[in-house]
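A.B. asks: Take a look at protein-v4.txt, compact mmCIF, C-alpha atoms:
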```txt
# COMPACT_ATOMS: atom_id res chain seq x y z
CA MET A 1 8.18 -20.81 21.32
CA ILE A 2 7.12 -17.91 19.11
CA GLN A 3 3.41 -17.55 18.42
CA PRO A 4 2.14 -15.26 15.64
CA VAL A 5 0.40 -12.20 17.04
CA ARG A 6 -1.36 -9.95 14.52
CA ILE A 7 -2.28 -6.44 15.67
CA PRO A 8 -5.27 -5.28 13.58
CA PRO A 9 -5.36 -1.88 11.85
CA ARG A 10 -6.83 1.01 13.72
CA ARG A 11 -10.44 1.66 12.76
CA ALA A 12 -12.47 4.32 14.47
CA ARG A 13 -15.65 2.34 13.82
CA ASP A 14 -14.35 -0.77 15.63
CA PRO A 15 -15.25 -0.55 19.35
CA ASP A 16 -13.47 -3.82 20.20
CA GLU A 17 -10.02 -2.81 18.99
CA ALA A 18 -8.67 -1.84 22.41
CA GLU A 19 -9.93 -5.08 23.91
CA ARG A 20 -8.33 -7.16 21.17
CA ARG A 21 -5.04 -5.32 21.46
CA ALA A 22 -5.01 -5.88 25.22
CA LEU A 23 -5.68 -9.57 24.64
CA TYR A 24 -2.76 -9.88 22.23
CA LEU A 25 -0.48 -8.09 24.66
CA GLU A 26 -1.31 -10.71 27.25
CA PHE A 27 0.40 -13.34 25.06
CA LEU A 28 3.64 -11.41 25.45
CA LYS A 29 3.16 -10.41 29.07
CA ASP A 30 2.50 -13.90 30.36
CA GLY A 31 5.27 -15.52 28.32
CA ARG A 32 3.12 -17.44 25.84
CA ALA A 33 4.97 -15.64 23.05
CA ASP A 34 8.56 -14.40 22.95
CA GLY A 35 7.88 -11.82 20.27
CA ALA A 36 5.36 -10.53 17.76
CA ILE A 37 5.19 -9.61 14.09
CA LEU A 38 2.92 -6.63 13.52
CA MET A 39 1.21 -6.51 10.15
CA GLU A 40 -0.68 -3.22 10.05
CA PRO A 41 0.52 -0.59 12.50
CA ALA A 42 -0.25 2.98 11.51
CA ARG A 43 2.59 5.41 10.89
CA ASP A 44 2.14 7.21 14.20
CA ASP A 45 0.84 4.31 16.31
CA PRO A 46 1.99 5.07 19.89
CA HIS A 47 1.24 1.53 21.04
CA VAL A 48 4.04 0.11 18.90
CA THR A 49 6.62 2.38 20.47
CA GLY A 50 5.43 1.50 23.93
CA MET A 51 5.39 -2.23 23.24
CA ALA A 52 8.87 -2.13 21.71
CA ARG A 53 10.35 -0.91 24.99
CA HIS A 54 9.41 -4.19 26.66
CA TYR A 55 8.93 -6.85 23.97
CA HIS A 56 10.54 -8.14 20.80
CA LEU A 57 8.67 -6.71 17.82
CA VAL A 58 9.10 -6.73 14.05
CA GLN A 59 6.83 -4.94 11.61
CA CYS A 60 5.99 -6.49 8.24
CA SER A 61 4.87 -4.48 5.18
CA GLU A 62 3.36 -1.62 7.19
CA TYR A 63 5.38 0.05 9.91
CA CYS A 64 5.34 3.01 12.25
CA ASP A 65 7.68 5.95 11.90
CA ASN A 66 10.04 4.78 14.64
CA GLN A 67 13.60 3.80 13.77
CA ALA A 68 13.93 1.77 17.00
CA VAL A 69 11.50 -0.91 15.76
CA SER A 70 12.64 -3.29 13.02
CA HIS A 71 10.61 -3.58 9.84
CA VAL A 72 10.64 -5.30 6.47
CA SER A 73 8.80 -4.01 3.41
CA VAL A 74 9.26 -3.10 -0.22
CA ASP A 75 10.46 0.37 -1.16
CA ASN A 76 7.01 1.81 -1.77
CA LEU A 77 8.35 5.17 -2.86
CA ALA A 78 10.65 3.69 -5.51
CA ALA A 79 7.89 1.36 -6.74
CA ALA A 80 5.41 4.20 -7.17
CA ARG A 81 7.98 6.32 -8.97
CA GLU A 82 8.65 3.41 -11.34
CA VAL A 83 4.93 3.19 -12.12
CA VAL A 84 4.80 6.88 -13.06
CA LEU A 85 7.92 6.65 -15.23
CA THR A 86 6.56 3.54 -16.96
CA LEU A 87 3.27 5.28 -17.74
CA ALA A 88 5.21 8.26 -19.05
CA GLY A 89 7.15 5.87 -21.28
CA LEU A 90 3.81 4.92 -22.81
CA GLY A 91 3.20 8.56 -23.67
CA HIS A 92 1.02 9.54 -20.73
CA ARG A 93 1.51 13.02 -19.31
CA ARG A 94 -1.78 13.40 -17.44
CA ILE A 95 -1.36 10.74 -14.75
CA GLY A 96 -3.90 10.63 -11.95
CA PHE A 97 -3.48 9.23 -8.45
CA ILE A 98 -5.92 7.42 -6.16
CA GLY A 99 -4.71 7.06 -2.57
CA ALA A 100 -6.55 6.18 0.62
CA ASP A 101 -7.71 8.17 3.62
CA ASN A 102 -5.48 6.47 6.20
CA ASP A 103 -2.12 7.00 7.88
CA PHE A 104 -0.22 3.92 6.78
CA MET A 105 3.40 4.39 5.72
CA SER A 106 2.72 2.68 2.39
CA THR A 107 -0.04 5.19 1.58
CA ILE A 108 2.26 8.11 2.30
CA ALA A 109 5.27 6.64 0.48
CA ARG A 110 3.32 5.67 -2.62
CA ARG A 111 1.92 9.16 -2.99
CA GLN A 112 5.39 10.62 -2.49
CA GLY A 113 6.74 8.27 -5.15
CA TYR A 114 3.99 9.42 -7.50
CA LEU A 115 4.96 13.04 -6.91
CA ASP A 116 8.66 12.23 -7.28
CA GLY A 117 7.98 10.57 -10.61
CA LEU A 118 6.18 13.66 -11.86
CA ARG A 119 9.07 15.82 -10.68
CA VAL A 120 11.60 13.66 -12.55
CA LEU A 121 9.47 14.13 -15.67
CA LYS A 122 9.15 17.85 -15.01
CA ILE A 123 5.36 17.51 -14.95
CA PRO A 124 3.75 19.89 -12.44
CA PRO A 125 1.45 17.93 -10.09
CA ARG A 126 -2.21 18.85 -10.31
CA GLU A 127 -4.36 18.71 -7.19
CA ASP A 128 -7.41 17.86 -9.28
CA ASP A 129 -5.63 14.76 -10.62
CA GLN A 130 -5.28 13.33 -7.10
CA THR A 131 -8.01 11.94 -4.88
CA PHE A 132 -8.42 9.59 -1.94
CA ALA A 133 -10.62 6.54 -1.46
CA GLY A 134 -11.77 5.15 1.88
CA ARG A 135 -9.30 4.21 4.57
CA ASP A 136 -10.08 0.51 4.06
CA TYR A 137 -9.24 0.42 0.31
CA SER A 138 -12.74 -0.87 -0.50
CA PHE A 139 -13.84 -1.55 -4.07
CA ALA A 140 -16.80 0.82 -3.71
CA SER A 141 -14.60 3.67 -2.52
CA GLY A 142 -12.27 3.02 -5.46
CA VAL A 143 -15.18 3.33 -7.86
CA GLU A 144 -16.29 6.60 -6.27
CA ALA A 145 -12.75 8.05 -6.19
CA ALA A 146 -12.19 7.21 -9.86
CA ARG A 147 -15.50 8.80 -10.82
CA ARG A 148 -14.31 12.07 -9.33
CA LEU A 149 -11.24 12.04 -11.57
CA LEU A 150 -12.76 10.64 -14.74
CA ALA A 151 -16.03 12.58 -14.96
CA ARG A 152 -14.20 15.84 -15.67
CA PRO A 153 -13.68 17.09 -19.23
CA GLU A 154 -9.89 17.24 -18.75
CA ARG A 155 -9.45 13.84 -17.20
CA PRO A 156 -6.22 11.87 -16.71
CA THR A 157 -5.26 9.38 -19.40
CA ALA A 158 -3.74 7.06 -16.80
CA LEU A 159 -4.38 6.26 -13.15
CA PHE A 160 -2.01 4.95 -10.48
CA CYS A 161 -3.94 3.39 -7.60
CA ILE A 162 -2.19 2.42 -4.38
CA SER A 163 -3.94 -0.96 -4.20
CA ASP A 164 -5.30 -3.48 -6.67
CA VAL A 165 -8.79 -3.29 -5.16
CA LEU A 166 -8.86 0.46 -5.77
CA ALA A 167 -7.54 -0.11 -9.29
CA LEU A 168 -10.29 -2.62 -10.01
CA GLY A 169 -12.76 -0.05 -8.74
CA ALA A 170 -11.25 2.46 -11.16
CA VAL A 171 -11.72 0.01 -14.05
CA GLN A 172 -15.37 -0.34 -13.09
CA ALA A 173 -15.84 3.44 -12.89
CA ALA A 174 -14.28 3.82 -16.33
CA ARG A 175 -16.72 1.30 -17.79
CA GLU A 176 -19.66 3.12 -16.24
CA LEU A 177 -18.48 6.34 -17.88
CA GLY A 178 -18.06 4.70 -21.27
CA LEU A 179 -14.26 4.62 -21.18
CA ARG A 180 -12.29 1.61 -22.40
CA VAL A 181 -9.34 0.23 -20.45
CA PRO A 182 -6.64 0.44 -21.70
CA GLU A 183 -7.62 2.13 -24.99
CA ASP A 184 -8.98 5.29 -23.32
CA LEU A 185 -7.47 4.92 -19.86
CA SER A 186 -4.49 3.04 -18.47
CA VAL A 187 -4.80 1.75 -14.89
CA VAL A 188 -2.08 0.46 -12.56
CA GLY A 189 -2.57 -1.07 -9.12
CA PHE A 190 -0.33 -2.27 -6.32
CA ASP A 191 0.07 -5.67 -4.56
CA ASP A 192 -0.72 -8.20 -7.34
CA VAL A 193 -3.58 -9.85 -5.49
CA GLU A 194 -5.32 -12.88 -6.98
CA TYR A 195 -8.21 -10.76 -8.25
CA ALA A 196 -5.80 -8.83 -10.49
CA VAL A 197 -5.93 -11.55 -13.15
CA MET A 198 -9.48 -12.85 -12.66
CA GLY A 199 -11.20 -10.43 -15.03
CA HIS A 200 -10.57 -8.48 -18.18
CA PRO A 201 -8.43 -6.54 -18.56
CA ARG A 202 -5.83 -8.24 -16.40
CA LEU A 203 -4.36 -5.62 -14.13
CA THR A 204 -0.92 -4.08 -14.47
CA THR A 205 0.39 -3.86 -10.92
CA VAL A 206 3.34 -3.84 -8.54
CA ARG A 207 4.01 -7.27 -7.10
CA GLN A 208 5.18 -7.55 -3.52
CA PRO A 209 7.15 -10.69 -2.54
CA CYS A 210 4.65 -11.77 0.12
CA TYR A 211 6.33 -15.04 1.08
CA GLU A 212 9.74 -13.42 1.35
CA LEU A 213 8.34 -10.55 3.39
CA GLY A 214 6.92 -12.99 5.91
CA ARG A 215 10.03 -15.16 6.01
CA THR A 216 12.30 -12.16 6.47
CA ALA A 217 10.11 -10.82 9.25
CA GLY A 218 10.37 -14.15 11.02
CA GLU A 219 14.15 -14.20 10.62
CA LEU A 220 14.45 -10.66 11.97
CA LEU A 221 12.35 -11.58 14.99
CA LEU A 222 14.31 -14.76 15.73
CA THR A 223 17.59 -12.86 15.46
CA GLN A 224 16.32 -10.19 17.82
CA ILE A 225 15.07 -12.72 20.37
CA GLN A 226 18.49 -14.37 20.30
CA GLY A 227 20.17 -11.09 21.22
CA GLY A 228 20.60 -9.57 17.79
CA PRO A 229 20.08 -5.92 16.89
CA ARG A 230 16.82 -4.03 16.94
CA GLY A 231 15.82 -1.20 14.66
CA ARG A 232 16.75 -2.85 11.36
CA ALA A 233 15.09 -1.68 8.14
CA VAL A 234 15.02 -4.25 5.34
CA TYR A 235 13.62 -3.48 1.88
CA LEU A 236 12.90 -6.35 -0.51
CA PRO A 237 12.67 -5.94 -4.29
CA HIS A 238 9.33 -5.32 -5.95
CA THR A 239 8.36 -6.19 -9.53
CA LEU A 240 6.22 -4.14 -11.89
CA ILE A 241 4.01 -6.63 -13.75
CA GLU A 242 2.73 -5.18 -17.02
CA ARG A 243 -0.51 -6.73 -18.22
CA ASP A 244 -3.57 -5.66 -20.21
CA SER A 245 -4.73 -2.56 -18.29
CA THR A 246 -1.99 -0.30 -19.66
CA ALA A 247 -1.25 0.82 -23.20
CA ARG A 248 0.24 3.68 -25.16
CA CYS A 249 -1.59 6.95 -24.74
CA ALA A 250 -3.92 7.46 -27.69
CA VAL A 251 -5.15 10.97 -26.90
CA GLY A 252 -3.51 14.36 -26.44
CA SER A 253 -2.73 15.23 -22.84
```
With the file now loaded, output its structure as structure tokens.
C.D. replies:
Amino acid sequence: MIQPVRIPPRRARDPDEAERRALYLEFLKDGRADGAILMEPARDDPHVTGMARHYHLVQCSEYCDNQAVSHVSVDNLAAAREVVLTLAGLGHRRIGFIGADNDFMSTIARRQGYLDGLRVLKIPPREDDQTFAGRDYSFASGVEAARRLLARPERPTALFCISDVLALGAVQAARELGLRVPEDLSVVGFDDVEYAVMGHPRLTTVRQPCYELGRTAGELLLTQIQGGPRGRAVYLPHTLIERDSTARCAVGS
């Protein structure tokens, strides 16, 4: 019988991580679980590669850069590029980016999609229009990151944030600086978490099919346990949900 085993993200400040990981591995080693779905492995996590040599593993949403281990996710790069092109369609040419200081594949792909979108538009990327929040995507770090971009005289007219929590932090930073969202600044997040529609303005964001991601991960794992192939990469469709935090650009950029 398969038991869910969630490997937590790597955090330097967490002294119990190694102990927890060892505990989870025991479920596989002693036969209490036939396989595991990993939710948050880092891009270069060596433990995933090592575990995959001996156990059935599938990665869901986040995944390490190892083609031998199956994973299911959305196409983060394509989604981020769509965000940039949509903002450009609203007249924005100065589009800022707020990432996170971590090594997750989604973080890397979303930034690359942002840069690809600018390249398609023939807009040279500006280093001072890009900044990084904390590795844990906290609201406070989103506020601080947005302040760095918005306090400058030549600020972006739109921001793409790689998570909704960071985007909500950006909305707060804009308010503190006397900027209106979306009249003075358009903001887009990623994930479509419940908080995205709890306040005003409701957040424009990229929706991930969470249920389908989990179901597909389970199907991949069952297939693998039953002798099916390893190393499959499955990308599910995302949806850009346009709400109140984006509008046509009203200032020169």
A.B. asks: Skipping near chain neighbours, those fewer than 6 positions away, what residues fall within 12 Å of Leu222 of chain A using all atoms listed in the file, listed as a ChimeraX atom specification?
C.D. replies: /A:1-3,33-37,56-58,70,215-216,228-230
A.B. asks: Could you check the closest approach to Phe104 of chain A for each of A:Leu185, A:Cys249, A:Leu221, A:Met39 and tell me which residue wins, using only C-alpha atoms?
C.D. replies: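 Nearest candidate to Phe104 of chain A out of A:Leu185, A:Cys249, A:Leu221, A:Met39: A:Met39.
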A.B. asks: So that I can see what lies close to segment 133-143 of chain A, please list as an MDAnalysis selection string the residues with an atom at most 12 Å from it, counting all atoms listed in the file and leaving out residues fewer than 4 positions away in the same chain.
C.D. replies: chainID A and resid 9:13 40 42 97:104 107 147:151 159:177 189:190 195
A.B. asks: Between atom CA of Glu62 of chain A and atom CA of Ala233 of chain A, what is the spacing in Å?
C.D. replies: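 So the two atoms, atom CA of Ala233 of chain A and atom CA of Glu62 of chain A, lie 11.8 Å apart.
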A.B. asks: Please, what distance in Å, to one decimal, runs between atom CA of Gly96 of chain A and atom CA of Asp129 of chain A?
C.D. replies: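 For atom CA of Gly96 of chain A relative to atom CA of Asp129 of chain A, the distance reads 4.7 Å.
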A.B. asks: One decimal, Å: what's the distance from atom CA of Pro41 of chain A over to atom CA of Ile241 of chain A, could you say?
C.D. replies: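 Pair atom CA of Pro41 of chain A / atom CA of Ile241 of chain A returns 27.2 Å.
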A.B. asks: Name the closest residue to Arg126 of chain A among the candidates A:Gly113, A:Pro182, A:Pro201, A:Pro156; distances are taken between atoms, counting all atoms listed in the file.
C.D. replies: A:Pro156
A.B. asks: Using all atoms listed in the file, find the one residue out of A:Cys64, A:Ile108, A:Ala217, A:Val48 that sits nearest to Leu77 of chain A.
C.D. replies: A:Ile108
A.B. asks: Which polymer residues have any atom within 10 Å of an atom of Gln112 of chain A, counting only C-alpha atoms, with same-chain residues fewer than 3 positions away left out, as number ranges by chain?
C.D. replies: A: 76-78, 80-81, 106-109, 115-118
A.B. asks: Around segment 55-68 of chain A, fit a box with edges along x, y and z, padding it by 5 Å on each side, then list its centre and edge lengths in Å to one decimal as JSON.
C.D. replies:
```
{"center_x": 8.6, "center_y": -1.1, "center_z": 14.6, "size_x": 20.6, "size_y": 24.1, "size_z": 28.8}
```
A.B. asks: Tell me which of A:Ala247, A:Val206, A:Leu85, A:Leu213 sits closest to Asp184 of chain A, counting only C-alpha atoms.
C.D. replies: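 Distance minimum relative to Asp184 of chain A lands on A:Ala247.
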A.B. asks: Which residues, written as a CSV table (one decimal) with C-alpha atoms, in the coordinates of the input, have at least one atom at most 9 Å from Glu183 of chain A, with only C-alpha atoms counted and residues fewer than 4 positions away on the same chain left out?
C.D. replies:
```csv
chain,number,residue,atom,x,y,z
A,179,LEU,CA,-14.3,4.6,-21.2
A,245,SER,CA,-4.7,-2.6,-18.3
A,246,THR,CA,-2.0,-0.3,-19.7
A,247,ALA,CA,-1.2,0.8,-23.2
A,248,ARG,CA,0.2,3.7,-25.2
A,249,CYS,CA,-1.6,7.0,-24.7
A,250,ALA,CA,-3.9,7.5,-27.7
```
A.B. asks: Considering all atoms listed in the file, state which residue in the set A:Gln226, A:Thr204, A:Asn66, A:Ser73 is at the smallest distance from Arg43 of chain A.
C.D. replies: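 Closest residue, counting all atoms listed in the file: A:Asn66.
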A.B. asks: Calculated over only C-alpha atoms, which of the candidates A:Glu26, A:Gly31, A:Val74, A:Gly231 has the smallest distance to Ser61 of chain A?
C.D. replies: A:Val74
A.B. asks: Please write segment 140-153 of chain A of the preceding block to a file containing N, CA, C and O atoms, as a compact mmCIF listing (two decimals), in the first residue's frame?
C.D. replies:
```
# COMPACT_ATOMS: atom_id res chain seq x y z
N ALA A 140 6.40 39.47 3.98
CA ALA A 140 7.29 40.57 4.37
C ALA A 140 8.42 40.75 3.36
O ALA A 140 8.80 41.88 3.02
N SER A 141 8.98 39.64 2.88
CA SER A 141 10.07 39.77 1.90
C SER A 141 9.54 40.27 0.57
O SER A 141 10.27 40.93 -0.18
N GLY A 142 8.27 39.99 0.25
CA GLY A 142 7.67 40.54 -0.96
C GLY A 142 7.50 42.03 -0.86
O GLY A 142 7.73 42.77 -1.83
N VAL A 143 7.08 42.51 0.32
CA VAL A 143 6.96 43.95 0.54
C VAL A 143 8.32 44.63 0.35
O VAL A 143 8.44 45.64 -0.36
N GLU A 144 9.34 44.07 0.97
CA GLU A 144 10.67 44.68 0.91
C GLU A 144 11.22 44.66 -0.51
O GLU A 144 11.81 45.64 -0.98
N ALA A 145 11.03 43.55 -1.23
CA ALA A 145 11.52 43.46 -2.61
C ALA A 145 10.82 44.49 -3.49
O ALA A 145 11.46 45.15 -4.33
N ALA A 146 9.51 44.62 -3.33
CA ALA A 146 8.78 45.59 -4.15
C ALA A 146 9.20 47.02 -3.84
O ALA A 146 9.27 47.86 -4.75
N ARG A 147 9.47 47.30 -2.59
CA ARG A 147 9.95 48.65 -2.24
C ARG A 147 11.20 49.00 -3.02
O ARG A 147 11.38 50.14 -3.46
N ARG A 148 12.09 48.03 -3.16
CA ARG A 148 13.35 48.30 -3.87
C ARG A 148 13.09 48.70 -5.32
O ARG A 148 13.83 49.52 -5.89
N LEU A 149 12.07 48.12 -5.93
CA LEU A 149 11.77 48.44 -7.33
C LEU A 149 10.94 49.70 -7.48
O LEU A 149 11.11 50.45 -8.45
N LEU A 150 10.05 49.94 -6.54
CA LEU A 150 9.06 51.00 -6.71
C LEU A 150 9.48 52.35 -6.15
O LEU A 150 8.88 53.37 -6.49
N ALA A 151 10.50 52.37 -5.29
CA ALA A 151 10.92 53.63 -4.68
C ALA A 151 11.80 54.46 -5.61
O ALA A 151 12.09 55.61 -5.31
N ARG A 152 12.18 53.90 -6.75
CA ARG A 152 13.05 54.62 -7.68
C ARG A 152 12.24 55.55 -8.57
O ARG A 152 11.08 55.26 -8.88
N PRO A 153 12.84 56.64 -9.01
CA PRO A 153 12.11 57.58 -9.89
C PRO A 153 11.62 56.90 -11.17
O PRO A 153 10.49 57.13 -11.61
```
